[in-house]
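These notes are about the structure you will find just below.
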Amino acid sequence: MKHRRVGSVMSGDVVSARRATPLDDVARWLAEYDINGLPVVDDEDRVMGVVSATDLTCARSVSETDGMLTAGAVMSAPARTIRADDSVVRAARLMSTSGVERLPVVDEEARLVGMVTRRDVLRIFARPDAGIRDEVIDEIVVRALWLNPHSVDVAVRDGVVTLSGRLESSGTAAVVVWMTRQINGVTGVVDRLTYRQEAPYRRPA
């Protein structure tokens, strides 16, 4: 049930620029490699920012005489980055909240090690709703929590899982919700569970 990590889906072959890279070169690389953005790194490969196709479009409205047509001058900074050991779900959420299509992947010292795109993430989430439902019931309700499979009603639509039913304790309900969120392909959880008492989760004897 563990989420896949960014390192397992990222591309390690990354096209990058330096601050002084002319935008003409950046534009050529974007077209040549069919990408819509690339990271800008320093001499030690630490990510300083990102230049997107949108940045290029805006920059072309600036006169060349202003001396601003370099990657460092138009990049978006600081860059939104992610670690290789972060979950793919976290990458998806960061892309969504930041409104970006790709994230540089960095190591512990913020050095560039890869790139993960929305397309990479969507491959992980492309799961049938029925498969997600089966995993919630079989892996969580029955095998992990030892509950009756009919004690939790599970409905899934477009990756959003709705949980309903009456459980023994608030702790058990919380665990069901938390574990459901950890399943690959789950994009949201609607908690409609009720319980008989406020008490921590206790595994059945």
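Within each chain, counting starts at residue 1; across the structure tokens, chains are named A, B, ... in the order shown, with ligands numbered 1 upward in that order.
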Considering only C-alpha atoms, return as a list in words whatever protein or nucleic-acid residues lie within 10 Å of Glu109 of chain A, sequence-local ones (same chain, fewer than 6 positions apart) excluded. Glu44, Asp45, Arg46 and Val47 of chain A
Check the DSSP output for the backbone and give back, as a ChimeraX atom specification, the residues of segment 56-197 of chain A in strand (DSSP E or B). /A:70,76,82-83,87,102-106,111-117,153-157,160-169,188-197
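Using only C-alpha atoms, the smallest distance between any of A:Val51, A:Val160, A:Val175, A:Leu56 and Gly188 of chain A comes from A:Val160.
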Contacts of segment 77-85 of chain A at 12 Å (only C-alpha atoms; same-chain gap of 4+ positions) as a ChimeraX atom specification: /A:3-12,19,37-41,46-52,55,71-73,89-117
Find the distance between atom CA of Val141 of chain A and atom CA of Pro200 of chain A and write it in Å to one decimal. 16.5 Å
Please provide the set of residues having any atom within 6 Å of segment 21-25 of chain A, restricted to only C-alpha atoms, with same-chain residues fewer than 2 positions apart removed, written as JSON, numbers by chain. {"A": [17, 18, 19, 27, 28, 69, 70, 71]}
Write out as a CSV table (one decimal) with all heavy atoms, in the first residue's frame the residues lying within 9 Å of Glu135 of chain A, counting only C-alpha atoms and excluding same-chain residues fewer than 4 positions away.
chain,number,residue,atom,x,y,z
A,1,MET,N,0.8,-1.2,0.0
A,1,MET,CA,0.0,0.0,0.0
A,1,MET,C,0.9,1.3,0.0
A,1,MET,O,0.3,2.4,0.0
A,1,MET,CB,-0.9,0.0,1.2
A,1,MET,CG,-2.0,-1.0,1.2
A,1,MET,SD,-3.2,-0.7,2.5
A,1,MET,CE,-2.2,0.0,3.8
A,130,ALA,N,-12.5,0.7,-9.6
A,130,ALA,CA,-12.8,-0.6,-9.0
A,130,ALA,C,-11.6,-1.2,-8.3
A,130,ALA,O,-11.7,-1.8,-7.3
A,130,ALA,CB,-13.4,-1.5,-10.1
A,131,GLY,N,-10.4,-1.0,-8.9
A,131,GLY,CA,-9.2,-1.5,-8.3
A,131,GLY,C,-8.9,-0.8,-7.0
A,131,GLY,O,-8.5,-1.5,-6.0
A,139,GLU,N,-7.2,-4.8,1.5
A,139,GLU,CA,-5.9,-4.6,2.2
A,139,GLU,C,-6.1,-3.8,3.5
A,139,GLU,O,-5.3,-4.1,4.4
A,139,GLU,CB,-5.0,-3.8,1.2
A,139,GLU,CG,-4.7,-4.6,-0.1
A,139,GLU,CD,-3.8,-5.8,0.2
A,139,GLU,OE1,-3.1,-5.8,1.2
A,139,GLU,OE2,-4.0,-6.8,-0.5
A,140,ILE,N,-7.1,-2.9,3.5
A,140,ILE,CA,-7.2,-2.1,4.7
A,140,ILE,C,-8.2,-2.7,5.7
A,140,ILE,O,-7.9,-3.0,6.8
A,140,ILE,CB,-7.6,-0.6,4.4
A,140,ILE,CG1,-6.4,0.0,3.6
A,140,ILE,CG2,-7.8,0.2,5.6
A,140,ILE,CD1,-6.7,1.4,3.1
A,141,VAL,N,-9.5,-2.7,5.2
A,141,VAL,CA,-10.6,-3.2,6.1
A,141,VAL,C,-10.4,-4.6,6.6
A,141,VAL,O,-10.5,-4.8,7.8
A,141,VAL,CB,-11.9,-3.0,5.4
A,141,VAL,CG1,-13.0,-3.5,6.3
A,141,VAL,CG2,-12.2,-1.6,5.0
A,180,THR,N,-6.4,4.8,3.8
A,180,THR,CA,-7.0,5.0,2.5
A,180,THR,C,-6.3,6.1,1.7
A,180,THR,O,-6.0,5.9,0.5
A,180,THR,CB,-8.5,5.3,2.6
A,180,THR,OG1,-9.2,4.3,3.2
A,180,THR,CG2,-9.1,5.5,1.2
A,183,ILE,N,-3.1,5.0,-0.4
A,183,ILE,CA,-3.2,4.1,-1.6
A,183,ILE,C,-2.9,4.9,-2.9
A,183,ILE,O,-3.4,6.0,-3.1
A,183,ILE,CB,-4.6,3.5,-1.6
A,183,ILE,CG1,-4.8,2.5,-0.5
A,183,ILE,CG2,-4.8,2.8,-3.0
A,183,ILE,CD1,-6.1,1.9,-0.5
Pick from A:Val88, A:Ala174, A:Arg123, A:Arg118 nearest to Tyr201 of chain A, counting only C-alpha atoms: A:Ala174
Write out as a ChimeraX atom specification which residues come within 8 Å of segment 144-157 of chain A when counting only C-alpha atoms, dropping same-chain ones fewer than 3 positions away. /A:129-130,132-133,136-141,160-167,193,203-204
Find the spatial neighbours of Arg202 of chain A, counting only C-alpha atoms, within a cut-off of 10 Å - ignore same-chain residues fewer than 3 positions away - and output them as a PyMOL selection string. chain A and resi 145+168-169+171-172+199+205
DSSP on the backbone: what in chain A comes out alpha helix (DSSP H), as a PyMOL selection string? chain A and resi 23-32+53-59+71-74+88-98+118-125+129-135+170-181
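We find atom CA of Val26 of chain A and atom CA of Asp86 of chain A to be spaced 28.5 Å apart.
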